[in-house]
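Coordinates as given in structure01.tsv (TSV, C-alpha atoms and all ligand atoms):
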```tsv
chain	number	residue	atom	x	y	z
X	18	MET	CA	-144.17	-11.43	-19.72
X	19	PRO	CA	-144.61	-15.13	-20.63
X	20	ALA	CA	-142.24	-17.43	-18.74
X	21	ALA	CA	-140.34	-18.48	-21.88
X	22	ALA	CA	-139.69	-14.84	-22.84
X	23	ALA	CA	-138.61	-14.00	-19.29
X	24	LYS	CA	-136.20	-16.92	-19.34
X	25	LEU	CA	-134.79	-15.83	-22.67
X	26	ARG	CA	-134.29	-12.30	-21.38
X	27	LEU	CA	-132.45	-13.57	-18.32
X	28	ALA	CA	-130.22	-15.72	-20.53
X	29	GLU	CA	-129.41	-12.68	-22.67
X	30	THR	CA	-128.52	-10.46	-19.75
X	31	VAL	CA	-126.43	-13.19	-18.17
X	32	LYS	CA	-124.48	-13.54	-21.41
X	33	GLU	CA	-123.49	-9.88	-21.40
X	34	ALA	CA	-123.01	-9.56	-17.67
X	35	ASP	CA	-119.63	-9.95	-16.03
X	36	LEU	CA	-121.02	-10.30	-12.52
X	37	VAL	CA	-124.27	-12.01	-11.64
X	38	ILE	CA	-125.49	-12.49	-8.10
X	39	ASP	CA	-128.57	-14.65	-8.13
X	40	GLY	CA	-130.64	-15.12	-4.98
X	41	VAL	CA	-127.70	-14.88	-2.59
X	42	THR	CA	-128.34	-15.23	1.13
X	43	MET	CA	-125.62	-15.32	3.78
X	44	ARG	CA	-126.09	-16.02	7.47
X	45	PHE	CA	-123.47	-15.77	10.17
X	46	GLU	CA	-123.61	-17.58	13.50
X	47	THR	CA	-122.74	-15.14	16.25
X	48	ARG	CA	-122.86	-15.29	20.05
X	49	GLU	CA	-126.14	-13.40	19.90
X	50	GLY	CA	-127.60	-15.90	17.45
X	51	ALA	CA	-127.78	-16.09	13.67
X	52	VAL	CA	-127.41	-12.85	11.72
X	53	THR	CA	-128.71	-12.69	8.16
X	54	ALA	CA	-126.15	-10.36	6.60
X	55	VAL	CA	-127.43	-10.66	3.03
X	56	ASP	CA	-130.96	-11.71	2.20
X	57	ASP	CA	-131.90	-13.00	-1.26
X	58	MET	CA	-129.91	-10.45	-3.23
X	59	SER	CA	-129.94	-10.51	-7.01
X	60	PHE	CA	-128.28	-8.09	-9.40
X	61	SER	CA	-125.87	-8.10	-12.29
X	62	VAL	CA	-123.14	-5.84	-13.62
X	63	GLU	CA	-122.73	-5.63	-17.38
X	64	ARG	CA	-119.40	-5.75	-19.14
X	65	GLY	CA	-117.73	-2.34	-18.88
X	66	GLU	CA	-120.37	-0.99	-16.53
X	67	PHE	CA	-119.61	0.94	-13.33
X	68	VAL	CA	-122.01	0.02	-10.55
X	69	SER	CA	-121.98	1.15	-6.93
X	70	ILE	CA	-123.59	-0.51	-3.98
X	71	ILE	CA	-124.60	1.94	-1.31
X	72	GLY	CA	-126.01	1.28	2.13
X	73	PRO	CA	-125.50	2.14	5.80
X	74	SER	CA	-122.75	0.61	7.88
X	75	GLY	CA	-123.50	-3.01	8.78
X	76	CYS	CA	-125.98	-3.62	5.95
X	77	GLY	CA	-123.94	-6.40	4.37
X	78	LYS	CA	-121.88	-4.56	1.72
X	79	SER	CA	-118.54	-6.13	2.58
X	80	THR	CA	-120.19	-9.53	2.77
X	81	VAL	CA	-121.35	-9.12	-0.86
X	82	PHE	CA	-117.86	-7.92	-1.80
X	83	ASN	CA	-116.20	-10.92	-0.19
X	84	ILE	CA	-118.68	-13.34	-1.77
X	85	LEU	CA	-117.98	-11.89	-5.24
X	86	GLY	CA	-114.26	-12.12	-4.55
X	87	GLY	CA	-114.68	-15.82	-3.76
X	88	LEU	CA	-113.44	-15.26	-0.19
X	89	VAL	CA	-116.60	-16.43	1.58
X	90	ARG	CA	-118.33	-19.76	1.40
X	91	GLY	CA	-121.50	-21.14	2.87
X	92	TYR	CA	-123.93	-18.79	1.14
X	93	GLU	CA	-127.12	-19.77	-0.63
X	94	GLY	CA	-127.62	-18.81	-4.26
X	95	LYS	CA	-125.35	-18.52	-7.25
X	96	VAL	CA	-122.54	-16.18	-8.22
X	97	ASN	CA	-121.29	-15.95	-11.82
X	98	VAL	CA	-118.09	-14.16	-12.71
X	99	GLY	CA	-117.26	-13.71	-16.39
X	100	GLY	CA	-119.72	-16.48	-17.20
X	101	ASP	CA	-118.28	-18.97	-14.68
X	102	LEU	CA	-120.09	-20.20	-11.61
X	103	ILE	CA	-117.56	-19.48	-8.87
X	104	SER	CA	-116.52	-21.48	-5.85
X	105	GLY	CA	-113.40	-19.46	-5.01
X	106	PRO	CA	-111.37	-16.46	-6.25
X	107	HIS	CA	-111.75	-15.91	-9.99
X	108	PRO	CA	-108.70	-14.86	-12.04
X	109	SER	CA	-110.59	-12.00	-13.75
X	110	ILE	CA	-111.20	-10.20	-10.48
X	111	GLY	CA	-108.98	-7.57	-8.88
X	112	MET	CA	-109.87	-6.37	-5.39
X	113	VAL	CA	-109.14	-3.13	-3.54
X	114	PHE	CA	-109.83	-3.31	0.19
X	115	GLN	CA	-110.90	-0.65	2.64
X	116	GLU	CA	-108.01	-1.19	5.02
X	117	GLU	CA	-104.58	0.15	4.24
X	118	SER	CA	-102.86	-2.64	2.43
X	119	THR	CA	-99.57	-1.28	1.14
X	120	PHE	CA	-96.35	-2.98	2.23
X	121	PRO	CA	-94.53	-0.45	4.44
X	122	TRP	CA	-91.09	-1.93	3.70
X	123	ARG	CA	-91.42	-1.59	-0.07
X	124	THR	CA	-91.13	1.53	-2.18
X	125	VAL	CA	-94.13	2.69	-4.22
X	126	LEU	CA	-92.57	1.11	-7.31
X	127	ASP	CA	-92.01	-2.24	-5.62
X	128	ASN	CA	-95.45	-2.16	-4.00
X	129	VAL	CA	-97.12	-1.73	-7.38
X	130	ALA	CA	-94.83	-4.23	-9.10
X	131	PHE	CA	-95.46	-6.85	-6.39
X	132	PRO	CA	-98.19	-8.90	-8.15
X	133	LEU	CA	-95.98	-9.15	-11.24
X	134	GLU	CA	-93.02	-10.20	-9.10
X	135	VAL	CA	-95.12	-13.04	-7.68
X	136	LYS	CA	-96.00	-14.01	-11.24
X	137	GLY	CA	-92.29	-14.17	-12.11
X	138	VAL	CA	-92.23	-11.20	-14.53
X	139	ARG	CA	-88.69	-9.90	-15.15
X	140	LYS	CA	-87.62	-6.81	-13.23
X	141	ALA	CA	-87.30	-4.41	-16.18
X	142	GLU	CA	-90.69	-5.40	-17.53
X	143	ARG	CA	-92.50	-5.30	-14.20
X	144	HIS	CA	-91.04	-1.91	-13.35
X	145	GLU	CA	-92.08	-0.53	-16.72
X	146	LYS	CA	-95.64	-1.75	-16.20
X	147	ALA	CA	-95.70	-0.52	-12.62
X	148	ARG	CA	-94.58	2.95	-13.75
X	149	HIS	CA	-97.42	3.07	-16.25
X	150	PHE	CA	-100.02	2.47	-13.54
X	151	ILE	CA	-98.27	4.74	-11.03
X	152	ASP	CA	-98.59	7.46	-13.65
X	153	MET	CA	-102.25	6.60	-14.20
X	154	VAL	CA	-103.10	7.17	-10.53
X	155	GLY	CA	-101.08	10.41	-10.57
X	156	LEU	CA	-98.14	9.34	-8.41
X	157	ASN	CA	-95.27	9.86	-10.82
X	158	GLY	CA	-92.28	11.26	-8.99
X	159	PHE	CA	-93.08	9.16	-5.91
X	160	GLU	CA	-91.78	5.81	-7.19
X	161	GLN	CA	-88.92	5.61	-4.69
X	162	ARG	CA	-90.88	6.79	-1.65
X	163	TYR	CA	-92.11	4.51	1.13
X	164	PRO	CA	-95.77	4.39	2.21
X	165	ALA	CA	-95.00	6.15	5.50
X	166	GLU	CA	-93.85	9.18	3.49
X	167	LEU	CA	-97.21	9.47	1.71
X	168	SER	CA	-100.66	10.76	2.65
X	169	GLY	CA	-103.57	8.36	3.17
X	170	GLY	CA	-105.01	9.29	-0.23
X	171	MET	CA	-101.68	8.56	-1.91
X	172	ARG	CA	-101.33	5.21	-0.15
X	173	GLN	CA	-104.79	4.24	-1.31
X	174	ARG	CA	-103.77	5.15	-4.87
X	175	VAL	CA	-100.74	2.86	-4.50
X	176	ALA	CA	-103.13	0.06	-3.53
X	177	ILE	CA	-105.33	0.79	-6.55
X	178	ALA	CA	-102.32	0.86	-8.92
X	179	ARG	CA	-101.14	-2.45	-7.45
X	180	THR	CA	-104.50	-4.01	-8.27
X	181	LEU	CA	-104.61	-2.44	-11.76
X	182	VAL	CA	-101.12	-3.67	-12.67
X	183	PHE	CA	-102.53	-7.16	-12.88
X	184	GLU	CA	-105.00	-5.88	-15.49
X	185	PRO	CA	-108.07	-7.53	-14.00
X	186	LYS	CA	-111.12	-7.51	-16.27
X	187	ILE	CA	-113.31	-6.88	-13.27
X	188	LEU	CA	-112.48	-4.47	-10.48
X	189	LEU	CA	-114.09	-4.74	-7.05
X	190	MET	CA	-113.49	-1.97	-4.52
X	191	ASP	CA	-114.75	-1.95	-0.93
X	192	GLU	CA	-114.95	1.62	0.38
X	193	PRO	CA	-111.46	2.44	-0.88
X	194	PHE	CA	-111.86	6.14	-0.07
X	195	ALA	CA	-113.73	5.84	3.23
X	196	ALA	CA	-110.85	7.10	5.36
X	197	LEU	CA	-110.20	10.15	3.20
X	198	ASP	CA	-111.48	13.71	3.54
X	199	GLU	CA	-114.18	14.91	1.14
X	200	GLN	CA	-111.88	16.96	-1.10
X	201	THR	CA	-109.32	14.22	-1.57
X	202	ARG	CA	-112.16	11.84	-2.21
X	203	LEU	CA	-113.61	14.01	-4.99
X	204	LEU	CA	-110.19	14.45	-6.60
X	205	LEU	CA	-109.55	10.72	-6.45
X	206	GLY	CA	-112.99	10.24	-7.99
X	207	ASP	CA	-111.78	12.21	-11.02
X	208	LYS	CA	-108.84	9.84	-11.28
X	209	VAL	CA	-111.09	6.80	-11.08
X	210	LEU	CA	-113.29	8.27	-13.86
X	211	LYS	CA	-110.26	8.68	-16.11
X	212	ILE	CA	-108.99	5.18	-15.37
X	213	GLN	CA	-112.40	3.71	-16.07
X	214	GLU	CA	-112.53	5.55	-19.39
X	215	GLU	CA	-109.16	4.26	-20.39
X	216	LEU	CA	-109.42	0.64	-19.21
X	217	LYS	CA	-113.18	0.15	-19.60
X	218	GLN	CA	-113.19	-2.36	-16.79
X	219	THR	CA	-116.31	-3.76	-15.27
X	220	THR	CA	-116.33	-2.11	-11.85
X	221	LEU	CA	-118.27	-2.66	-8.67
X	222	LEU	CA	-117.67	-0.05	-5.99
X	223	ILE	CA	-118.92	-0.47	-2.45
X	224	THR	CA	-119.49	2.84	-0.71
X	225	HIS	CA	-121.56	4.64	1.86
X	226	ASN	CA	-120.95	8.00	0.17
X	227	ILE	CA	-123.79	9.24	-2.05
X	228	THR	CA	-121.74	11.88	-3.90
X	229	GLU	CA	-119.09	9.33	-4.76
X	230	ALA	CA	-121.68	6.83	-5.99
X	231	VAL	CA	-123.41	9.38	-8.25
X	232	GLN	CA	-120.15	10.88	-9.54
X	233	LEU	CA	-118.76	7.54	-10.69
X	234	SER	CA	-121.60	5.17	-11.51
X	235	ASP	CA	-123.83	4.09	-14.35
X	236	ARG	CA	-126.15	2.51	-11.79
X	237	VAL	CA	-126.43	2.64	-8.02
X	238	ILE	CA	-127.81	-0.27	-6.03
X	239	ILE	CA	-129.36	0.88	-2.76
X	240	MET	CA	-129.32	-1.73	0.01
X	241	THR	CA	-131.66	-2.01	2.97
X	242	PHE	CA	-130.27	-2.14	6.50
X	243	ARG	CA	-130.11	-5.64	7.95
X	244	PRO	CA	-130.97	-7.95	6.45
X	245	GLY	CA	-129.28	-6.56	3.36
X	246	LYS	CA	-131.56	-6.67	0.35
X	247	VAL	CA	-131.71	-4.70	-2.86
X	248	LYS	CA	-134.04	-1.80	-2.08
X	249	ARG	CA	-133.83	-0.05	-5.42
X	250	ILE	CA	-131.54	0.31	-8.42
X	251	VAL	CA	-131.11	3.85	-9.73
X	252	ASP	CA	-129.91	4.65	-13.27
X	253	ILE	CA	-127.53	7.59	-13.18
X	254	ARG	CA	-128.34	9.63	-16.25
X	255	LEU	CA	-125.28	11.84	-16.43
X	256	PRO	CA	-123.29	12.13	-19.65
X	257	ARG	CA	-119.92	10.44	-20.12
X	258	PRO	CA	-117.09	11.20	-20.30
X	259	ARG	CA	-117.60	12.80	-16.91
X	260	THR	CA	-115.34	15.27	-15.20
X	261	GLY	CA	-115.32	16.63	-11.67
X	262	ASP	CA	-117.59	19.47	-12.83
X	263	VAL	CA	-120.55	17.13	-12.98
X	264	VAL	CA	-120.84	17.39	-9.19
X	265	GLY	CA	-122.14	20.97	-9.55
X	266	SER	CA	-124.89	20.19	-12.06
X	267	GLU	CA	-128.59	20.22	-11.32
X	268	ALA	CA	-129.04	16.64	-12.52
X	269	PHE	CA	-126.34	15.57	-10.08
X	270	GLY	CA	-128.15	17.23	-7.19
X	271	ARG	CA	-131.40	15.53	-8.17
X	272	HIS	CA	-129.75	12.09	-8.15
X	273	VAL	CA	-128.18	12.73	-4.75
X	274	ALA	CA	-131.54	13.84	-3.32
X	275	GLU	CA	-133.32	10.85	-4.86
X	276	ILE	CA	-130.85	8.37	-3.37
X	277	TRP	CA	-130.82	10.03	0.04
X	278	ASN	CA	-134.58	9.82	0.06
X	279	ASP	CA	-134.34	6.03	-0.13
X	280	LEU	CA	-131.31	5.72	2.07
X	281	ARG	CA	-132.49	7.93	4.92
X	282	GLU	CA	-134.88	5.32	6.28
X	283	GLU	CA	-132.20	2.61	6.17
X	284	ALA	CA	-129.57	4.84	7.76
X	285	SER	CA	-131.97	5.74	10.60
X	286	ARG	CA	-132.68	2.09	11.26
X	287	GLY	CA	-128.93	1.43	11.32
X	288	MET	CA	-128.38	4.29	13.75
X	289	ALA	CA	-131.24	3.20	16.04
X	290	GLU	CA	-129.86	-0.31	16.14
X	291	SER	CA	-126.31	0.72	16.97
X	292	GLU	CA	-127.59	3.04	19.71
X	293	ALA	CA	-129.68	0.21	21.16
X	294	GLY	CA	-126.58	-2.00	21.03
X	295	ALA	CA	-124.55	0.63	22.91
X	296	ARG	CA	-127.26	0.89	25.59
X	297	ARG	CA	-127.32	-2.90	26.00
X	298	ARG	CA	-123.55	-2.98	26.44
X	299	LYS	CA	-123.69	-0.19	28.99
X	300	ALA	CA	-126.46	-1.90	31.00
X	401	LIG	N1	-117.42	-13.16	9.70
X	401	LIG	C1	-118.52	-12.71	10.31
X	401	LIG	N2	-119.01	-13.32	11.40
X	401	LIG	C2	-120.14	-12.90	12.03
X	401	LIG	N3	-120.86	-11.84	11.61
X	401	LIG	C3	-120.42	-11.16	10.53
X	401	LIG	C4	-119.23	-11.56	9.82
X	401	LIG	N4	-119.06	-10.71	8.79
X	401	LIG	C5	-120.08	-9.82	8.85
X	401	LIG	N5	-120.90	-10.10	9.88
X	401	LIG	C6	-122.14	-9.37	10.24
X	401	LIG	O1	-122.92	-9.22	9.06
X	401	LIG	C7	-123.48	-7.92	9.00
X	401	LIG	C8	-123.02	-7.22	7.74
X	401	LIG	O2	-121.64	-6.93	7.83
X	401	LIG	P1	-120.80	-6.27	6.64
X	401	LIG	O3	-121.02	-7.05	5.41
X	401	LIG	O4	-119.41	-6.11	7.10
X	401	LIG	O5	-121.52	-4.84	6.50
X	401	LIG	P2	-121.01	-3.48	5.82
X	401	LIG	O6	-119.82	-3.77	5.00
X	401	LIG	O7	-122.20	-3.01	5.03
X	401	LIG	O8	-120.72	-2.51	6.93
X	401	LIG	C9	-123.07	-7.22	10.29
X	401	LIG	O9	-124.10	-7.38	11.21
X	401	LIG	C10	-121.82	-7.95	10.71
X	401	LIG	O10	-121.67	-7.89	12.09
X	402	MG	MG	-117.89	-2.91	5.00
```

If you convert what's in this file into structure tokens, what do you get?
Ligand SMILES: Nc1ncnc2c1ncn2[C@@H]1O[C@H](COP(=O)(O)OP(=O)(O)O)[C@@H](O)[C@H]1O
Ligand SMILES: [Mg+2]
Amino acid sequence: MPAAAAKLRLAETVKEADLVIDGVTMRFETREGAVTAVDDMSFSVERGEFVSIIGPSGCGKSTVFNILGGLVRGYEGKVNVGGDLISGPHPSIGMVFQEESTFPWRTVLDNVAFPLEVKGVRKAERHEKARHFIDMVGLNGFEQRYPAELSGGMRQRVAIARTLVFEPKILLMDEPFAALDEQTRLLLGDKVLKIQEELKQTTLLITHNITEAVQLSDRVIIMTFRPGKVKRIVDIRLPRPRTGDVVGSEAFGRHVAEIWNDLREEASRGMAESEAGARRRKA
């Protein structure tokens, strides 16, 4: 493609994209020397698209997540959110973290209503909105419970509802279901599919679970193990609207096999490295 045409095409995609990571590299200084966590990564997420990033533990996924959230500085390259070059958190972004992040001293209702409380929204209005999103994640009836009275999957849904209540245009999630068992994870996946259909948010999900990535995504970005680069981007050609049944289809199985094929090598390198690390510590 001639350079001018290539430039034009990039400009077009950037216009429609909500998230653009362009040549991002991030190095950390550690006691063992510099670690390149992310190496020259470029990708974009279109408006309304659901994209997953998959890669083995330690490949730089959370670093990408934190960079997009505007929580990390000192990287090379450019990050555009909703058309703006960012240098800190962008108001269009809502984040769901891997760690449990509910407030134990607040009921479900007051957990979910919290961002609106900070914004100064009146009690009746914020409770009404909170109830809507509590219903959306399937927790109606639990409004007056405390996090300690809920299962891990339910607490994670509270955290998701609390992020949704702010109605972010772009949703970033870092392994939100990692601590859950497979069945709960698949059921929560159904919920996420429904929410996505209703809100049509641009979503970037970080995961190390292949089933989850295929079930939910329009595209899956496979990362290499350290330094984290884009290894391949896979289009998930499964019809929408999707339901949980899609997991049993032949096309689903083919996508899972295809992704595992690429990921296996990276996962083995990750495993070899962590075993070598364990041996060094033992010695
Ligand atoms: N704040 C930090 N300081 C030093 N090293 C870090 C920091 N954050 C991440 N790293 C290193 O960068 C690499 C990628 O980490 P991370 O992005 O958390 O990976 P993932 O989320 O894929 O498991 C790892 O080697 C990790 O130890
Ligand atoms: Mg991580």

- Message: Around ligand MG 402 (chain X), out to 9 Å and counting all atoms listed in the file, which residues are there? I want them as an MDAnalysis selection string.
- Response: chainID X and resid 74:80 82 115 191:192 223:225

- Give as number ranges by chain the residues surrounding ligand LIG 401 (chain X) up to a distance of 12 Å, considering all atoms listed in the file. X: 42-56, 70-84, 88-91, 114-115, 190-193, 195, 222-225, 239-246, 283-284, 287, 290-291, 294

- Enter the distance from CA of Gly100 (chain X) to CA of Phe60 (chain X), in Å, rounded to one decimal. 14.3 Å

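Minimum atom-to-atom distances from X:Leu188, X:Phe131, X:Arg162, X:Val68 to Gly86 (chain X) were compared using only C-alpha atoms, and the lowest value belongs to X:Leu188.
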
- Neighbourhood query: residues within 6 Å of (-130.0, -3.8, -5.1), file coordinates, counting all atoms listed in the file; return as a PyMOL selection string. chain X and resi 238-240+247-250

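Distances from X:Glu117, X:Lys208, X:Glu134, X:Leu197 to Leu156 (chain X) were compared using all atoms listed in the file, and the smallest one belongs to X:Lys208.
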
Applying 6 Å and only C-alpha atoms, which residues near region 253-269 of chain X remain after dropping the ones on its own chain fewer than 4 positions away? List them as a PDB file with C-alpha atoms, in the coordinates of the input.
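After the write, selection.pdb holds the following:
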```
ATOM      1  CA  ASP X 207    -111.780  12.210 -11.020  1.00  0.00           C
ATOM      2  CA  ASP X 235    -123.830   4.090 -14.350  1.00  0.00           C
ATOM      3  CA  ARG X 236    -126.150   2.510 -11.790  1.00  0.00           C
TER       4      ARG X 236
END
```

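Distances from X:Arg271, X:Arg286, X:Lys217, X:Arg123 to Val175 (chain X) were compared using only C-alpha atoms, and the smallest one belongs to X:Arg123.
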
- Residues within 9 Å of Gln161 (chain X), all atoms listed in the file, excluding chain neighbours under 5 positions, as a VMD selection string: chain X and resid 123 to 127

- For Thr220 (chain X), which residue among X:Ile103, X:Val237, X:Ala300, X:Leu167 is the nearest when counting all atoms listed in the file? X:Val237

- Message: Set the distance at 9 Å and use all atoms listed in the file: which residues neighbour Gly40 (chain X) once local chain neighbours fewer than 4 positions away are removed? I'd like the list as a ChimeraX atom specification.
- Response: /X:56-60,93-96

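Here CA of Glu33 (chain X) stands at a distance of 23.2 Å from CA of Val209 (chain X).
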
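Take CA of Arg281 (chain X) and CA of Gly169 (chain X): the distance between them is 29.0 Å.
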
- Query: So which residues touch Ile276 (chain X) within 8 Å, counting all atoms listed in the file, skipping near sequence neighbours fewer than 2 positions away, as number ranges by chain?
  - Reply: X: 227, 239, 251, 272-274, 278-280

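With all atoms listed in the file as the atoms that count, the residue of X:Pro108, X:Arg143, X:Asp252, X:Asp39 with the shortest distance to Tyr92 (chain X) is X:Asp39.
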